[in-house]
file work.pdb (PDB, C-alpha atoms and all ligand atoms)
ATOM      1  CA  MET J  85      24.380   7.130 -31.155
ATOM      2  CA  LYS J  86      22.227   5.897 -28.215
ATOM      3  CA  ASP J  87      25.365   5.864 -26.014
ATOM      4  CA  LEU J  88      26.177   9.433 -27.014
ATOM      5  CA  ILE J  89      22.661  10.622 -26.114
ATOM      6  CA  ASN J  90      22.840   8.742 -22.822
ATOM      7  CA  SER J  91      26.201  10.210 -21.799
ATOM      8  CA  TYR J  92      24.941  13.699 -22.699
ATOM      9  CA  LYS J  93      21.856  13.048 -20.530
ATOM     10  CA  ILE J  94      24.009  11.800 -17.662
ATOM     11  CA  GLU J  95      26.035  15.025 -17.587
ATOM     12  CA  GLU J  96      22.800  17.050 -17.723
ATOM     13  CA  ILE J  97      21.293  15.022 -14.895
ATOM     14  CA  LYS J  98      24.371  15.592 -12.726
ATOM     15  CA  THR J  99      24.011  19.347 -13.225
ATOM     16  CA  LEU J 100      20.237  19.288 -12.606
ATOM     17  CA  LEU J 101      20.625  17.246  -9.396
ATOM     18  CA  LYS J 102      22.994  19.923  -8.039
ATOM     19  CA  GLU J 103      20.969  22.902  -9.247
ATOM     20  CA  LYS J 104      17.731  21.558  -7.801
ATOM     21  CA  ASP J 105      19.200  20.237  -4.525
ATOM     22  CA  ALA J 106      18.036  16.744  -5.423
ATOM     23  CA  VAL J 107      19.402  13.301  -4.585
ATOM     24  CA  LEU J 108      18.929  10.016  -6.437
ATOM     25  CA  ILE J 109      17.767   6.983  -4.423
ATOM     26  CA  ALA J 110      17.902   3.708  -6.358
ATOM     27  CA  HIS J 111      17.074   0.078  -5.646
ATOM     28  CA  TYR J 112      19.501  -2.736  -6.495
ATOM     29  CA  TYR J 113      17.106  -4.027  -9.167
ATOM     30  CA  VAL J 114      17.129  -0.963 -11.444
ATOM     31  CA  ALA J 115      19.409  -0.830 -14.507
ATOM     32  CA  ALA J 116      23.160  -0.600 -13.933
ATOM     33  CA  ASP J 117      23.459   2.877 -15.524
ATOM     34  CA  ILE J 118      20.983   4.262 -12.954
ATOM     35  CA  GLN J 119      22.814   2.571 -10.064
ATOM     36  CA  LYS J 120      26.109   4.030 -11.312
ATOM     37  CA  LEU J 121      24.587   7.499 -11.539
ATOM     38  CA  ALA J 122      23.241   7.285  -7.975
ATOM     39  CA  GLU J 123      26.694   6.272  -6.724
ATOM     40  CA  GLU J 124      28.503   9.003  -8.657
ATOM     41  CA  THR J 125      26.205  11.798  -7.461
ATOM     42  CA  GLY J 126      26.158  11.166  -3.698
ATOM     43  CA  GLY J 127      22.891   9.230  -3.794
ATOM     44  CA  ILE J 128      22.412   5.628  -2.748
ATOM     45  CA  VAL J 129      21.801   2.177  -4.180
ATOM     46  CA  ALA J 130      20.186   0.090  -1.466
ATOM     47  CA  ASP J 131      17.512  -2.333  -0.295
ATOM     48  CA  SER J 132      14.051  -0.993   0.463
ATOM     49  CA  LEU J 133      14.803  -0.441   4.175
ATOM     50  CA  GLU J 134      17.957   1.593   3.537
ATOM     51  CA  MET J 135      16.279   3.551   0.731
ATOM     52  CA  ALA J 136      13.621   4.673   3.233
ATOM     53  CA  ARG J 137      16.223   5.529   5.901
ATOM     54  CA  PHE J 138      18.487   7.401   3.495
ATOM     55  CA  GLY J 139      15.667   9.558   2.099
ATOM     56  CA  ALA J 140      14.390  10.435   5.577
ATOM     57  CA  ASN J 141      17.852  11.493   6.806
ATOM     58  CA  HIS J 142      19.198  13.235   3.697
ATOM     59  CA  PRO J 143      19.090  17.072   3.683
ATOM     60  CA  ALA J 144      18.210  17.430  -0.042
ATOM     61  CA  LYS J 145      14.946  19.223  -0.908
ATOM     62  CA  ILE J 146      14.048  16.736  -3.647
ATOM     63  CA  LEU J 147      14.210  12.926  -3.450
ATOM     64  CA  VAL J 148      14.312  11.259  -6.875
ATOM     65  CA  VAL J 149      13.309   7.610  -6.501
ATOM     66  CA  ALA J 150      14.291   4.928  -9.021
ATOM     67  CA  GLY J 151      12.414   1.793  -8.061
ATOM     68  CA  VAL J 152       8.769   0.864  -7.648
ATOM     69  CA  LYS J 153       5.758   2.750  -6.332
ATOM     70  CA  PHE J 154       5.845   1.577  -2.718
ATOM     71  CA  MET J 155       9.446   2.786  -2.405
ATOM     72  CA  ALA J 156       8.529   6.278  -3.612
ATOM     73  CA  GLU J 157       5.467   6.316  -1.327
ATOM     74  CA  SER J 158       7.553   5.282   1.693
ATOM     75  CA  ALA J 159       9.952   8.154   0.940
ATOM     76  CA  LYS J 160       7.026  10.615   0.873
ATOM     77  CA  ILE J 161       5.429   9.217   4.047
ATOM     78  CA  LEU J 162       8.718   9.717   5.894
ATOM     79  CA  SER J 163       9.586  13.091   4.312
ATOM     80  CA  PRO J 164       6.326  15.027   3.809
ATOM     81  CA  ASP J 165       8.114  18.368   3.480
ATOM     82  CA  LYS J 166      10.357  17.162   0.675
ATOM     83  CA  THR J 167       9.344  16.858  -2.955
ATOM     84  CA  VAL J 168       9.472  13.163  -3.886
ATOM     85  CA  LEU J 169       9.691  12.359  -7.596
ATOM     86  CA  HIS J 170       9.150   8.804  -8.831
ATOM     87  CA  ILE J 171      10.842   8.431 -12.206
ATOM     88  CA  ALA J 172       8.541   5.574 -13.311
ATOM     89  CA  PRO J 173       5.092   6.332 -11.874
ATOM     90  CA  ASP J 174       3.501   3.254 -13.493
ATOM     91  CA  ALA J 175       6.042   0.912 -11.921
ATOM     92  CA  THR J 176       4.239  -1.027  -9.226
ATOM     93  CA  CYS J 177       4.712  -4.498  -7.701
ATOM     94  CA  SER J 178       2.671  -7.700  -7.875
ATOM     95  CA  LEU J 179       2.507  -7.801  -4.068
ATOM     96  CA  ASP J 180       1.059  -4.292  -3.937
ATOM     97  CA  ILE J 181      -1.440  -5.101  -6.732
ATOM     98  CA  GLY J 182      -2.464  -8.318  -4.978
ATOM     99  CA  CYS J 183      -3.378  -6.622  -1.696
ATOM    100  CA  ASP J 184      -6.386  -4.404  -2.261
ATOM    101  CA  VAL J 185      -7.019  -2.171   0.735
ATOM    102  CA  ASP J 186     -10.743  -2.911   1.079
ATOM    103  CA  GLU J 187     -10.232  -6.678   0.897
ATOM    104  CA  PHE J 188      -7.381  -6.354   3.360
ATOM    105  CA  LYS J 189      -9.570  -4.447   5.827
ATOM    106  CA  GLU J 190     -12.195  -7.240   5.614
ATOM    107  CA  PHE J 191      -9.474  -9.833   6.194
ATOM    108  CA  CYS J 192      -8.148  -7.991   9.256
ATOM    109  CA  ALA J 193     -11.667  -7.530  10.661
ATOM    110  CA  LYS J 194     -11.946 -11.339  10.963
ATOM    111  CA  TYR J 195      -9.003 -11.434  13.394
ATOM    112  CA  PRO J 196      -9.347  -8.379  15.647
ATOM    113  CA  ASP J 197      -7.046  -9.761  18.344
ATOM    114  CA  ARG J 198      -4.033 -10.031  16.010
ATOM    115  CA  GLU J 199      -1.170  -7.606  15.404
ATOM    116  CA  VAL J 200      -1.158  -6.521  11.739
ATOM    117  CA  VAL J 201       2.294  -6.781  10.153
ATOM    118  CA  VAL J 202       2.588  -5.731   6.513
ATOM    119  CA  TYR J 203       5.520  -6.023   4.169
ATOM    120  CA  ALA J 204       6.848  -2.715   2.808
ATOM    121  CA  ASN J 205       5.759  -3.874  -0.695
ATOM    122  CA  THR J 206       2.218  -2.538  -0.162
ATOM    123  CA  SER J 207       0.311   0.676  -0.880
ATOM    124  CA  ALA J 208       0.311   3.578   1.570
ATOM    125  CA  ALA J 209      -3.390   2.806   2.183
ATOM    126  CA  VAL J 210      -2.598  -0.770   3.288
ATOM    127  CA  LYS J 211       0.250   0.473   5.499
ATOM    128  CA  ALA J 212      -2.259   2.845   7.084
ATOM    129  CA  CYS J 213      -4.178  -0.251   8.354
ATOM    130  CA  ALA J 214      -1.077  -1.853   9.921
ATOM    131  CA  ASP J 215       0.527  -1.977  13.351
ATOM    132  CA  TRP J 216       3.948  -2.684  11.840
ATOM    133  CA  VAL J 217       5.624  -2.317   8.459
ATOM    134  CA  VAL J 218       8.649  -4.540   7.804
ATOM    135  CA  THR J 219      11.052  -5.179   4.951
ATOM    136  CA  SER J 220      12.693  -8.534   4.340
ATOM    137  CA  SER J 221      15.863  -7.422   6.134
ATOM    138  CA  ILE J 222      14.058  -6.761   9.433
ATOM    139  CA  ALA J 223      10.968  -9.038   9.266
ATOM    140  CA  ILE J 224      12.381 -11.884  11.377
ATOM    141  CA  ASP J 225      13.614  -9.524  14.115
ATOM    142  CA  VAL J 226      10.254  -7.736  14.407
ATOM    143  CA  VAL J 227       8.140 -10.907  14.332
ATOM    144  CA  ASP J 228      10.500 -12.602  16.791
ATOM    145  CA  TYR J 229       9.984  -9.676  19.152
ATOM    146  CA  LEU J 230       6.182  -9.831  18.753
ATOM    147  CA  GLU J 231       6.269 -13.573  19.366
ATOM    148  CA  SER J 232       8.247 -13.023  22.577
ATOM    149  CA  GLU J 233       5.420 -10.686  23.659
ATOM    150  CA  ASN J 234       2.899 -13.488  22.928
ATOM    151  CA  ARG J 235       1.302 -11.511  20.109
ATOM    152  CA  LYS J 236      -0.582 -13.351  17.338
ATOM    153  CA  ILE J 237       0.002 -11.977  13.861
ATOM    154  CA  ILE J 238      -1.748 -11.218  10.581
ATOM    155  CA  TRP J 239       0.911 -11.153   7.862
ATOM    156  CA  ALA J 240       0.488  -9.665   4.369
ATOM    157  CA  PRO J 241       0.967  -9.868   1.486
ATOM    158  CA  ASP J 242       3.823 -12.254   0.557
ATOM    159  CA  LYS J 243       2.934 -15.835   1.538
ATOM    160  CA  TYR J 244       6.448 -17.151   0.849
ATOM    161  CA  LEU J 245       8.241 -14.551   2.962
ATOM    162  CA  GLY J 246       5.494 -14.940   5.582
ATOM    163  CA  GLY J 247       5.945 -18.727   5.604
ATOM    164  CA  TYR J 248       9.702 -18.338   5.959
ATOM    165  CA  VAL J 249       9.371 -15.855   8.853
ATOM    166  CA  LYS J 250       6.802 -18.120  10.532
ATOM    167  CA  LYS J 251       9.180 -21.081  10.341
ATOM    168  CA  LYS J 252      12.119 -19.055  11.678
ATOM    169  CA  THR J 253      10.238 -17.494  14.606
ATOM    170  CA  ASN J 254       7.546 -20.081  15.463
ATOM    171  CA  ALA J 255       5.105 -17.184  15.638
ATOM    172  CA  ASP J 256       1.357 -17.727  15.311
ATOM    173  CA  MET J 257       0.797 -16.123  11.882
ATOM    174  CA  ILE J 258      -2.160 -16.011   9.501
ATOM    175  CA  LEU J 259      -0.911 -15.347   5.989
ATOM    176  CA  TRP J 260      -2.434 -13.316   3.155
ATOM    177  CA  ASP J 261      -2.225 -15.144  -0.176
ATOM    178  CA  GLY J 262       0.122 -12.922  -2.206
ATOM    179  CA  ALA J 263       3.329 -13.566  -4.160
ATOM    180  CA  CYS J 264       6.046 -11.826  -6.143
ATOM    181  CA  ILE J 265       5.758 -12.882  -9.794
ATOM    182  CA  VAL J 266       9.530 -12.657 -10.191
ATOM    183  CA  HIS J 267      10.708 -14.770  -7.246
ATOM    184  CA  GLU J 268       7.821 -17.225  -7.525
ATOM    185  CA  GLU J 269       9.297 -18.427 -10.817
ATOM    186  CA  PHE J 270      12.540 -19.801  -9.427
ATOM    187  CA  LYS J 271      12.400 -23.590  -9.700
ATOM    188  CA  ALA J 272      13.858 -25.989  -7.123
ATOM    189  CA  ASN J 273      14.413 -28.864  -9.572
ATOM    190  CA  GLU J 274      16.345 -26.701 -11.983
ATOM    191  CA  LEU J 275      18.278 -25.159  -9.119
ATOM    192  CA  LYS J 276      19.290 -28.630  -7.897
ATOM    193  CA  ARG J 277      20.606 -29.388 -11.386
ATOM    194  CA  LEU J 278      22.606 -26.170 -11.430
ATOM    195  CA  LYS J 279      24.022 -26.933  -7.968
ATOM    196  CA  ASP J 280      25.186 -30.313  -9.280
ATOM    197  CA  GLU J 281      26.863 -28.578 -12.185
ATOM    198  CA  PHE J 282      28.588 -26.057  -9.876
ATOM    199  CA  PRO J 283      29.068 -27.926  -6.575
ATOM    200  CA  ASP J 284      31.385 -25.230  -5.168
ATOM    201  CA  ALA J 285      28.915 -22.416  -5.730
ATOM    202  CA  ALA J 286      27.091 -20.851  -2.766
ATOM    203  CA  VAL J 287      23.360 -20.398  -3.324
ATOM    204  CA  LEU J 288      21.906 -16.992  -2.369
ATOM    205  CA  VAL J 289      18.100 -16.764  -2.207
ATOM    206  CA  HIS J 290      15.683 -13.889  -1.532
ATOM    207  CA  PRO J 291      12.919 -15.068   0.863
ATOM    208  CA  GLU J 292      10.156 -14.061  -1.564
ATOM    209  CA  SER J 293      11.068 -17.323  -3.348
ATOM    210  CA  PRO J 294       9.079 -20.572  -2.886
ATOM    211  CA  LYS J 295       9.839 -22.760   0.145
ATOM    212  CA  ASP J 296      11.558 -25.551  -1.831
ATOM    213  CA  VAL J 297      13.916 -22.999  -3.399
ATOM    214  CA  VAL J 298      14.665 -21.364  -0.014
ATOM    215  CA  GLU J 299      15.492 -24.822   1.377
ATOM    216  CA  LEU J 300      18.332 -25.160  -1.156
ATOM    217  CA  ALA J 301      19.960 -21.877  -0.095
ATOM    218  CA  ASP J 302      23.234 -21.358   1.715
ATOM    219  CA  VAL J 303      22.115 -17.824   2.563
ATOM    220  CA  VAL J 304      18.555 -16.442   2.639
ATOM    221  CA  GLY J 305      18.161 -12.692   2.971
ATOM    222  CA  SER J 306      17.142  -9.281   1.692
ATOM    223  CA  THR J 307      18.967  -7.817  -1.284
ATOM    224  CA  SER J 308      21.561  -6.099   0.919
ATOM    225  CA  GLN J 309      22.044  -9.233   3.031
ATOM    226  CA  LEU J 310      22.662 -11.266  -0.151
ATOM    227  CA  LEU J 311      25.112  -8.656  -1.404
ATOM    228  CA  ASN J 312      26.991  -8.796   1.929
ATOM    229  CA  ALA J 313      27.091 -12.588   1.776
ATOM    230  CA  SER J 314      28.525 -12.486  -1.750
ATOM    231  CA  GLN J 315      31.382 -10.368  -0.410
ATOM    232  CA  LYS J 316      32.021 -12.233   2.839
ATOM    233  CA  LEU J 317      31.785 -15.883   1.766
ATOM    234  CA  LEU J 318      34.998 -17.413   0.486
ATOM    235  CA  ASN J 319      33.287 -19.152  -2.476
ATOM    236  CA  THR J 320      34.286 -17.841  -5.881
ATOM    237  CA  LYS J 321      31.008 -18.869  -7.554
ATOM    238  CA  PHE J 322      27.476 -17.913  -6.550
ATOM    239  CA  ILE J 323      24.045 -18.924  -7.802
ATOM    240  CA  VAL J 324      21.729 -15.987  -7.192
ATOM    241  CA  ALA J 325      17.944 -16.331  -6.847
ATOM    242  CA  THR J 326      16.687 -12.765  -6.982
ATOM    243  CA  ASP J 327      16.249 -10.084  -9.647
ATOM    244  CA  GLN J 328      19.344 -10.054 -11.850
ATOM    245  CA  GLY J 329      19.730  -6.266 -11.369
ATOM    246  CA  ILE J 330      21.652  -7.011  -8.175
ATOM    247  CA  LEU J 331      24.445  -8.698 -10.150
ATOM    248  CA  TYR J 332      25.802  -5.248 -11.035
ATOM    249  CA  LYS J 333      26.641  -4.511  -7.373
ATOM    250  CA  MET J 334      27.769  -8.061  -6.634
ATOM    251  CA  GLN J 335      30.184  -8.041  -9.546
ATOM    252  CA  GLN J 336      31.379  -4.536  -8.719
ATOM    253  CA  ALA J 337      32.127  -5.534  -5.087
ATOM    254  CA  SER J 338      33.818  -8.830  -6.084
ATOM    255  CA  PRO J 339      35.190  -8.550  -9.633
ATOM    256  CA  HIS J 340      37.067 -11.857  -9.385
ATOM    257  CA  LYS J 341      33.937 -13.868  -8.450
ATOM    258  CA  THR J 342      31.436 -15.476 -10.823
ATOM    259  CA  PHE J 343      27.702 -14.902 -10.431
ATOM    260  CA  ILE J 344      25.177 -17.216 -12.053
ATOM    261  CA  GLU J 345      21.458 -16.450 -12.293
ATOM    262  CA  ALA J 346      19.240 -19.061 -10.656
ATOM    263  CA  PRO J 347      16.937 -20.806 -13.153
ATOM    264  CA  THR J 348      13.309 -19.800 -13.547
ATOM    265  CA  GLY J 349      12.229 -22.836 -15.591
ATOM    266  CA  GLY J 350      13.327 -26.007 -17.350
ATOM    267  CA  ASN J 351      14.562 -26.346 -20.919
ATOM    268  CA  GLY J 352      12.163 -24.611 -23.292
ATOM    269  CA  ALA J 353      10.045 -23.262 -20.441
ATOM    270  CA  THR J 354       8.519 -19.843 -20.765
ATOM    271  CA  CYS J 355       8.417 -17.464 -17.844
ATOM    272  CA  ARG J 356       6.646 -14.211 -17.230
ATOM    273  CA  SER J 357       9.599 -12.371 -15.759
ATOM    274  CA  CYS J 358      12.748 -14.534 -16.138
ATOM    275  CA  ALA J 359      14.302 -13.099 -12.944
ATOM    276  CA  ARG J 360      13.709  -9.560 -14.099
ATOM    277  CA  CYS J 361      11.067  -7.471 -12.380
ATOM    278  CA  PRO J 362       9.004  -5.903 -15.187
ATOM    279  CA  TRP J 363       8.235  -2.863 -13.037
ATOM    280  CA  MET J 364      11.831  -2.224 -11.984
ATOM    281  CA  ALA J 365      12.697  -2.457 -15.684
ATOM    282  CA  MET J 366      10.422   0.542 -16.386
ATOM    283  CA  ASN J 367      13.007   2.833 -14.747
ATOM    284  CA  SER J 368      15.454   4.512 -17.141
ATOM    285  CA  VAL J 369      18.082   7.260 -17.229
ATOM    286  CA  THR J 370      15.905   9.214 -19.674
ATOM    287  CA  GLN J 371      13.126   9.326 -17.095
ATOM    288  CA  ILE J 372      15.479  10.770 -14.467
ATOM    289  CA  TYR J 373      16.302  13.520 -16.936
ATOM    290  CA  ASP J 374      12.608  14.069 -17.721
ATOM    291  CA  VAL J 375      11.469  14.407 -14.106
ATOM    292  CA  LEU J 376      14.310  16.798 -13.265
ATOM    293  CA  ALA J 377      13.758  18.826 -16.429
ATOM    294  CA  GLY J 378      10.149  19.504 -15.475
ATOM    295  CA  LYS J 379       7.954  16.402 -15.884
ATOM    296  CA  MET J 380       7.991  15.985 -12.087
ATOM    297  CA  ASN J 381       5.860  12.835 -11.424
ATOM    298  CA  GLU J 382       5.463  14.058  -7.872
ATOM    299  CA  VAL J 383       4.259  11.544  -5.275
ATOM    300  CA  ILE J 384       1.140  12.829  -3.520
ATOM    301  CA  ILE J 385      -0.454  11.057  -0.534
ATOM    302  CA  SER J 386      -3.411  12.425   1.418
ATOM    303  CA  ASP J 387      -2.556  13.611   4.942
ATOM    304  CA  ASP J 388      -5.003  11.149   6.483
ATOM    305  CA  ILE J 389      -3.353   8.096   4.906
ATOM    306  CA  ARG J 390       0.148   9.468   5.253
ATOM    307  CA  LEU J 391      -0.136  10.136   8.973
ATOM    308  CA  ARG J 392      -1.623   6.686   9.672
ATOM    309  CA  ALA J 393       0.972   4.928   7.496
ATOM    310  CA  LEU J 394       3.781   6.863   9.165
ATOM    311  CA  VAL J 395       3.163   5.221  12.553
ATOM    312  CA  PRO J 396       4.009   1.586  11.561
ATOM    313  CA  LEU J 397       6.706   2.705   9.120
ATOM    314  CA  GLN J 398       8.461   4.847  11.732
ATOM    315  CA  LYS J 399       8.143   1.953  14.219
ATOM    316  CA  MET J 400      10.183  -0.159  11.803
ATOM    317  CA  LEU J 401      12.882   2.502  11.452
ATOM    318  CA  ASP J 402      13.073   2.958  15.229
ATOM    319  CA  PHE J 403      13.105  -0.782  15.935
ATOM    320  CA  LYS J 404      16.331  -2.032  17.469
ATOM    321  CA  ARG J 405      16.949  -5.500  18.750
TER     322      ARG J 405
HETATM  323  P1  LIG M   1      14.532  -5.763  -0.479
HETATM  324  O1  LIG M   1      13.844  -5.133   0.690
HETATM  325  O2  LIG M   1      15.293  -6.976  -0.108
HETATM  326  O3  LIG M   1      15.340  -4.743  -1.204
HETATM  327  O4  LIG M   1      13.418  -6.313  -1.463
HETATM  328  C1  LIG M   1      12.535  -5.505  -2.155
HETATM  329  C2  LIG M   1      11.896  -6.255  -3.222
HETATM  330  O5  LIG M   1      11.011  -5.757  -3.888
HETATM  331  C3  LIG M   1      12.327  -7.612  -3.486
HETATM  332  O6  LIG M   1      11.672  -8.151  -4.555
HETATM  333 FE1  LIG M   2       7.560  -6.511  -6.360
HETATM  334 FE2  LIG M   2       8.697  -8.785  -6.993
HETATM  335 FE3  LIG M   2       9.230  -6.603  -8.410
HETATM  336 FE4  LIG M   2      10.157  -6.869  -5.886
HETATM  337  S1  LIG M   2      10.722  -8.091  -7.661
HETATM  338  S2  LIG M   2       9.195  -5.069  -6.774
HETATM  339  S3  LIG M   2       8.453  -7.962  -4.930
HETATM  340  S4  LIG M   2       7.249  -7.656  -8.256
END
call {"tool": "encode", "arguments": {"input": "work.pdb", "output": "structure tokens"}}
result
Amino acid sequence: MKDLINSYKIEEIKTLLKEKDAVLIAHYYVAADIQKLAEETGGIVADSLEMARFGANHPAKILVVAGVKFMAESAKILSPDKTVLHIAPDATCSLDIGCDVDEFKEFCAKYPDREVVVYANTSAAVKACADWVVTSSIAIDVVDYLESENRKIIWAPDKYLGGYVKKKTNADMILWDGACIVHEEFKANELKRLKDEFPDAAVLVHPESPKDVVELADVVGSTSQLLNASQKLLNTKFIVATDQGILYKMQQASPHKTFIEAPTGGNGATCRSCARCPWMAMNSVTQIYDVLAGKMNEVIISDDIRLRALVPLQKMLDFKR
């Protein structure tokens, strides 16, 4: 019965997207049925950088975002004249929650000579305080460039990604103390055990994971970089340390390969997320139908914040190395 309702909704959504000149922009971590719908309707399934680019360049009047709050806000900052609908308005991110704008301003005020680089997983208000916004797929390139210009850096909010970028670039970076509750739970000891069990498997790790987990990786990268690696590497087995939502695309691109979720704890351990972002999981097909049928959930950002946040966000999109 649930399947019948869902397939009815999917046909309705396809019609509504066309009628309303709307396009669906989804992150790799949302449920497979949403990813499939985005692909089938000329939308996109992508990492946070490509989601922002796609929305800014697409001619549709309405951008429907399936993902978390900062992704919908980035779409609005870049496309103020478009209507941006976030299907799950309560879906945020532990990095965004852990970087309060007033505390961040106080932090930055202590280091006035430093360039402020913030991860895309932050509120529009925090972006408005930054010199640069970066996503995990472009962070090393941008920080490497700043380092070559002898710039010292304030990095926020993810301490693990910040630590990884610092190590890769040798940049002088002061790190905010934030973490992703999903990636922080991957465990190096358990991962070692799994590697022993599957010695031929390549290990793919998102850099929001702890340092000892990153050190066990064959490839470290953003969601799209991990997806590319799963296609290009000749291994037939992969251990994947990021939200399990990405396995849909990995399996679709390489049906003959085997993908194994990286462990988040030992035997009998409890975890808060178990490699599943609780906020990404708030997105559903029903909500896409609801927003298109009139519920809206429109993203609104004040002009003052939007215009200030646009500067570092646009810098990221224009950055070429
Ligand atoms: P990507 O930029 O790699 O898509 O990552 C976004 C994110 O929230 C990872 O947890
Ligand atoms: Fe935020 Fe982590 Fe969820 Fe990504 S997986 S949206 S960083 S809480």
call {"tool": "closest_residue", "arguments": {"input": "work.pdb", "among": "J:Asp387, J:Asp242, J:Asp374, J:Glu281", "to": "ligand LIG 2 (chain M)", "atoms": "all atoms listed in the file"}}
result
J:Asp242
call {"tool": "residues_near_ligand", "arguments": {"input": "work.pdb", "ligand": "ligand LIG 1 (chain M)", "cutoff": "7 Å", "atoms": "all atoms listed in the file", "output": "list in words"}}
result
His111, Ala130, Asp131, Ser132, Leu133, Asn205, Thr219, Ser220, Ser221, Cys264, Glu292, Ser306, Thr307 and Ser308 of chain J
call {"tool": "residues_near_ligand", "arguments": {"input": "work.pdb", "ligand": "ligand LIG 2 (chain M)", "cutoff": "8 Å", "atoms": "all atoms listed in the file", "output": "PyMOL selection string"}}
result
chain J and resi 113+151-152+176-180+205+263-267+292+326-327+360-364
call {"tool": "closest_residue", "arguments": {"input": "work.pdb", "among": "J:Met135, J:Val369, J:Leu275, J:Val249", "to": "J:Lys120", "atoms": "only C-alpha atoms"}}
result
J:Val369
call {"tool": "residues_near_point", "arguments": {"input": "work.pdb", "point": "(-0.5, -11.5, 17.2)", "cutoff": "8 Å", "atoms": "all atoms listed in the file", "output": "PDB file with C-alpha atoms, keeping the file's coordinate frame"}}
result
ATOM      1  CA  ASP J 197      -7.046  -9.761  18.344  1.00  0.00           C
ATOM      2  CA  ARG J 198      -4.033 -10.031  16.010  1.00  0.00           C
ATOM      3  CA  GLU J 199      -1.170  -7.606  15.404  1.00  0.00           C
ATOM      4  CA  VAL J 200      -1.158  -6.521  11.739  1.00  0.00           C
ATOM      5  CA  LEU J 230       6.182  -9.831  18.753  1.00  0.00           C
ATOM      6  CA  GLU J 231       6.269 -13.573  19.366  1.00  0.00           C
ATOM      7  CA  ASN J 234       2.899 -13.488  22.928  1.00  0.00           C
ATOM      8  CA  ARG J 235       1.302 -11.511  20.109  1.00  0.00           C
ATOM      9  CA  LYS J 236      -0.582 -13.351  17.338  1.00  0.00           C
ATOM     10  CA  ILE J 237       0.002 -11.977  13.861  1.00  0.00           C
ATOM     11  CA  ILE J 238      -1.748 -11.218  10.581  1.00  0.00           C
ATOM     12  CA  ASP J 256       1.357 -17.727  15.311  1.00  0.00           C
ATOM     13  CA  MET J 257       0.797 -16.123  11.882  1.00  0.00           C
TER      14      MET J 257
END
call {"tool": "resolve_selection", "arguments": {"input": "work.pdb", "expression": "the PyMOL selection byres (((chain J and resi 301) around 12) and not hetatm)", "output": "PDB file with C-alpha atoms, in the frame of the given file"}}
result
ATOM      1  CA  ALA J 272      13.858 -25.989  -7.123  1.00  0.00           C
ATOM      2  CA  LEU J 275      18.278 -25.159  -9.119  1.00  0.00           C
ATOM      3  CA  LYS J 276      19.290 -28.630  -7.897  1.00  0.00           C
ATOM      4  CA  LYS J 279      24.022 -26.933  -7.968  1.00  0.00           C
ATOM      5  CA  ALA J 285      28.915 -22.416  -5.730  1.00  0.00           C
ATOM      6  CA  ALA J 286      27.091 -20.851  -2.766  1.00  0.00           C
ATOM      7  CA  VAL J 287      23.360 -20.398  -3.324  1.00  0.00           C
ATOM      8  CA  LEU J 288      21.906 -16.992  -2.369  1.00  0.00           C
ATOM      9  CA  VAL J 289      18.100 -16.764  -2.207  1.00  0.00           C
ATOM     10  CA  HIS J 290      15.683 -13.889  -1.532  1.00  0.00           C
ATOM     11  CA  PRO J 291      12.919 -15.068   0.863  1.00  0.00           C
ATOM     12  CA  SER J 293      11.068 -17.323  -3.348  1.00  0.00           C
ATOM     13  CA  PRO J 294       9.079 -20.572  -2.886  1.00  0.00           C
ATOM     14  CA  LYS J 295       9.839 -22.760   0.145  1.00  0.00           C
ATOM     15  CA  ASP J 296      11.558 -25.551  -1.831  1.00  0.00           C
ATOM     16  CA  VAL J 297      13.916 -22.999  -3.399  1.00  0.00           C
ATOM     17  CA  VAL J 298      14.665 -21.364  -0.014  1.00  0.00           C
ATOM     18  CA  GLU J 299      15.492 -24.822   1.377  1.00  0.00           C
ATOM     19  CA  LEU J 300      18.332 -25.160  -1.156  1.00  0.00           C
ATOM     20  CA  ASP J 302      23.234 -21.358   1.715  1.00  0.00           C
ATOM     21  CA  VAL J 303      22.115 -17.824   2.563  1.00  0.00           C
ATOM     22  CA  VAL J 304      18.555 -16.442   2.639  1.00  0.00           C
ATOM     23  CA  GLY J 305      18.161 -12.692   2.971  1.00  0.00           C
ATOM     24  CA  LEU J 310      22.662 -11.266  -0.151  1.00  0.00           C
ATOM     25  CA  ALA J 313      27.091 -12.588   1.776  1.00  0.00           C
ATOM     26  CA  PHE J 322      27.476 -17.913  -6.550  1.00  0.00           C
ATOM     27  CA  ILE J 323      24.045 -18.924  -7.802  1.00  0.00           C
ATOM     28  CA  VAL J 324      21.729 -15.987  -7.192  1.00  0.00           C
ATOM     29  CA  ALA J 325      17.944 -16.331  -6.847  1.00  0.00           C
ATOM     30  CA  THR J 326      16.687 -12.765  -6.982  1.00  0.00           C
ATOM     31  CA  ALA J 346      19.240 -19.061 -10.656  1.00  0.00           C
TER      32      ALA J 346
END
